[in-house]
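S.K.: This is start.pdb (PDB, C-alpha atoms).
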```pdb
ATOM      1  CA  MET A   1       0.000   0.000   0.000
ATOM      2  CA  LYS A   2       1.018   3.590  -0.534
ATOM      3  CA  GLU A   3       1.323   6.010   2.394
ATOM      4  CA  HIS A   4      -2.028   7.699   1.585
ATOM      5  CA  GLN A   5      -3.971   4.399   1.551
ATOM      6  CA  GLN A   6      -4.539   3.888   5.280
ATOM      7  CA  ALA A   7      -8.332   3.734   4.837
ATOM      8  CA  ILE A   8      -7.945   0.934   2.280
ATOM      9  CA  SER A   9      -5.616  -0.962   4.619
ATOM     10  CA  GLU A  10      -8.166  -0.656   7.427
ATOM     11  CA  PHE A  11     -10.942  -1.790   5.057
ATOM     12  CA  PHE A  12      -9.156  -5.057   4.244
ATOM     13  CA  ALA A  13      -8.218  -5.618   7.912
ATOM     14  CA  GLN A  14     -11.914  -5.990   8.806
ATOM     15  CA  PRO A  15     -13.465  -9.485   8.969
ATOM     16  CA  GLY A  16     -16.034  -8.588   6.277
ATOM     17  CA  GLN A  17     -16.018  -6.039   3.467
ATOM     18  CA  ASN A  18     -18.958  -3.826   2.518
ATOM     19  CA  GLU A  19     -19.384  -3.103  -1.220
ATOM     20  CA  ASP A  20     -20.640   0.451  -0.547
ATOM     21  CA  ILE A  21     -17.468   1.272   1.387
ATOM     22  CA  GLU A  22     -15.371  -0.411  -1.318
ATOM     23  CA  ASP A  23     -16.967   1.892  -3.907
ATOM     24  CA  ARG A  24     -16.517   4.980  -1.706
ATOM     25  CA  LEU A  25     -12.811   4.169  -1.271
ATOM     26  CA  ASN A  26     -12.536   3.690  -5.061
ATOM     27  CA  ILE A  27     -10.955   0.240  -4.674
ATOM     28  CA  ARG A  28     -10.247  -1.203  -8.107
ATOM     29  CA  PHE A  29      -8.796  -4.487  -9.303
ATOM     30  CA  CYS A  30      -7.076  -5.693 -12.459
ATOM     31  CA  ASN A  31      -6.207  -9.268 -13.422
ATOM     32  CA  SER A  32      -2.747 -10.793 -13.677
ATOM     33  CA  PRO A  33      -1.892 -12.713 -16.870
ATOM     34  CA  SER A  34      -3.063 -15.896 -15.097
ATOM     35  CA  GLY A  35      -6.367 -14.281 -14.015
ATOM     36  CA  VAL A  36      -5.555 -13.513 -10.363
ATOM     37  CA  PRO A  37      -7.326 -10.303  -9.180
ATOM     38  CA  LEU A  38      -4.811  -7.661  -8.055
ATOM     39  CA  LEU A  39      -5.384  -4.304  -6.365
ATOM     40  CA  GLN A  40      -4.699  -1.323  -8.611
ATOM     41  CA  ASP A  41      -2.674   1.734  -7.522
ATOM     42  CA  THR A  42      -0.448  -0.082  -5.040
ATOM     43  CA  LEU A  43       3.269   0.273  -4.391
ATOM     44  CA  ALA A  44       3.959  -3.353  -5.298
ATOM     45  CA  ARG A  45       1.933  -6.334  -6.509
ATOM     46  CA  LEU A  46       2.900  -9.981  -6.589
ATOM     47  CA  SER A  47       0.933 -12.641  -8.380
ATOM     48  CA  CYS A  48       1.600 -16.125  -7.038
ATOM     49  CA  LYS A  49       0.412 -19.651  -7.577
ATOM     50  CA  VAL A  50       0.082 -21.993  -4.616
ATOM     51  CA  ALA A  51       3.164 -24.225  -4.461
ATOM     52  CA  ALA A  52       2.245 -25.939  -1.174
ATOM     53  CA  SER A  53      -0.091 -25.613   1.795
ATOM     54  CA  TYR A  54       0.378 -26.682   5.394
ATOM     55  CA  GLN A  55      -2.139 -27.094   8.216
ATOM     56  CA  ALA A  56      -1.106 -25.316  11.410
ATOM     57  CA  GLY A  57      -3.761 -25.573  14.106
ATOM     58  CA  ASP A  58      -6.827 -23.715  12.855
ATOM     59  CA  HIS A  59      -4.814 -21.952  10.095
ATOM     60  CA  THR A  60      -3.530 -22.943   6.679
ATOM     61  CA  ILE A  61      -0.125 -21.635   5.621
ATOM     62  CA  PHE A  62       0.250 -21.217   1.861
ATOM     63  CA  LEU A  63       3.628 -21.198   0.133
ATOM     64  CA  GLY A  64       3.412 -19.190  -3.092
ATOM     65  CA  GLU A  65       5.533 -19.310  -6.217
ATOM     66  CA  VAL A  66       5.819 -15.791  -7.655
ATOM     67  CA  GLU A  67       4.591 -15.564 -11.248
ATOM     68  CA  SER A  68       4.774 -11.782 -11.781
ATOM     69  CA  VAL A  69       5.814  -8.601  -9.954
ATOM     70  CA  ASP A  70       4.781  -4.972 -10.563
ATOM     71  CA  ILE A  71       6.480  -2.114  -8.707
ATOM     72  CA  SER A  72       5.294   1.524  -8.732
ATOM     73  CA  GLU A  73       6.686   4.824  -7.490
ATOM     74  CA  GLY A  74       5.637   6.133  -4.102
ATOM     75  CA  ARG A  75       6.198   5.939  -0.376
ATOM     76  CA  PRO A  76       5.076   2.887   1.623
ATOM     77  CA  LEU A  77       2.303   2.713   4.197
ATOM     78  CA  LEU A  78       3.843   1.308   7.380
ATOM     79  CA  PHE A  79       2.061  -0.487  10.218
ATOM     80  CA  PHE A  80       4.252  -1.330  13.203
ATOM     81  CA  ARG A  81       3.423  -2.110  16.839
ATOM     82  CA  GLY A  82      -0.271  -1.457  16.351
ATOM     83  CA  ARG A  83      -0.106   1.902  14.582
ATOM     84  CA  TYR A  84       0.535   3.487  11.201
ATOM     85  CA  SER A  85       3.815   5.354  10.638
ATOM     86  CA  GLN A  86       5.850   7.062   7.948
ATOM     87  CA  ILE A  87       9.472   6.644   6.959
ATOM     88  CA  GLY A  88      11.628   9.516   8.161
TER      89      GLY A  88
END
```
If you convert what's in this file into structure tokens, what do you get?
M.R.:
Amino acid sequence: MKEHQQAISEFFAQPGQNEDIEDRLNIRFCNSPSGVPLLQDTLARLSCKVAASYQAGDHTIFLGEVESVDISEGRPLLFFRGRYSQIG
């Protein structure tokens, strides 16, 4: 995420997403060459295919093989120790 996208970060951190809020935040997707939906206007995007999965208690850990990478200009949105920060 880019440093001005805190509201989008908070949107995806919620257990459920509301389409009205998604529209208000202007969240848009594009598809990778293999058809994976990717967020638009991000600092970096990775498209992966699942190489392996492992059960760990009530979670599943997925190991991804990177198929494509897109990197854009901008400053990163940082979240550390429970709060958002900026570099510098």
S.K.: Measure the distance from CA of Gly74 in chain A to CA of Arg24 in chain A in Å and round it to one decimal.
M.R.: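 Interatomic distance, CA of Gly74 in chain A to CA of Arg24 in chain A: 22.3 Å.
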S.K.: How would you write, as a PyMOL selection string, the residues chosen by the PyMOL selection byres ((chain A and resi 26) around 12) on this structure?
M.R.: chain A and resi 5+7-8+11+19-25+27-29+39-41
S.K.: Once the PyMOL selection byres ((chain A and resi 46-62) around 12) has been applied to the shown file, what residues remain in the selection, as an MDAnalysis selection string?
M.R.: chainID A and resid 30:40 42:45 63:72
S.K.: Calculate how many Å separate CA of Arg75 in chain A from CA of Gly88 in chain A, rounding to one decimal.
M.R.: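 Taking CA of Arg75 in chain A and CA of Gly88 in chain A, their separation equals 10.7 Å.
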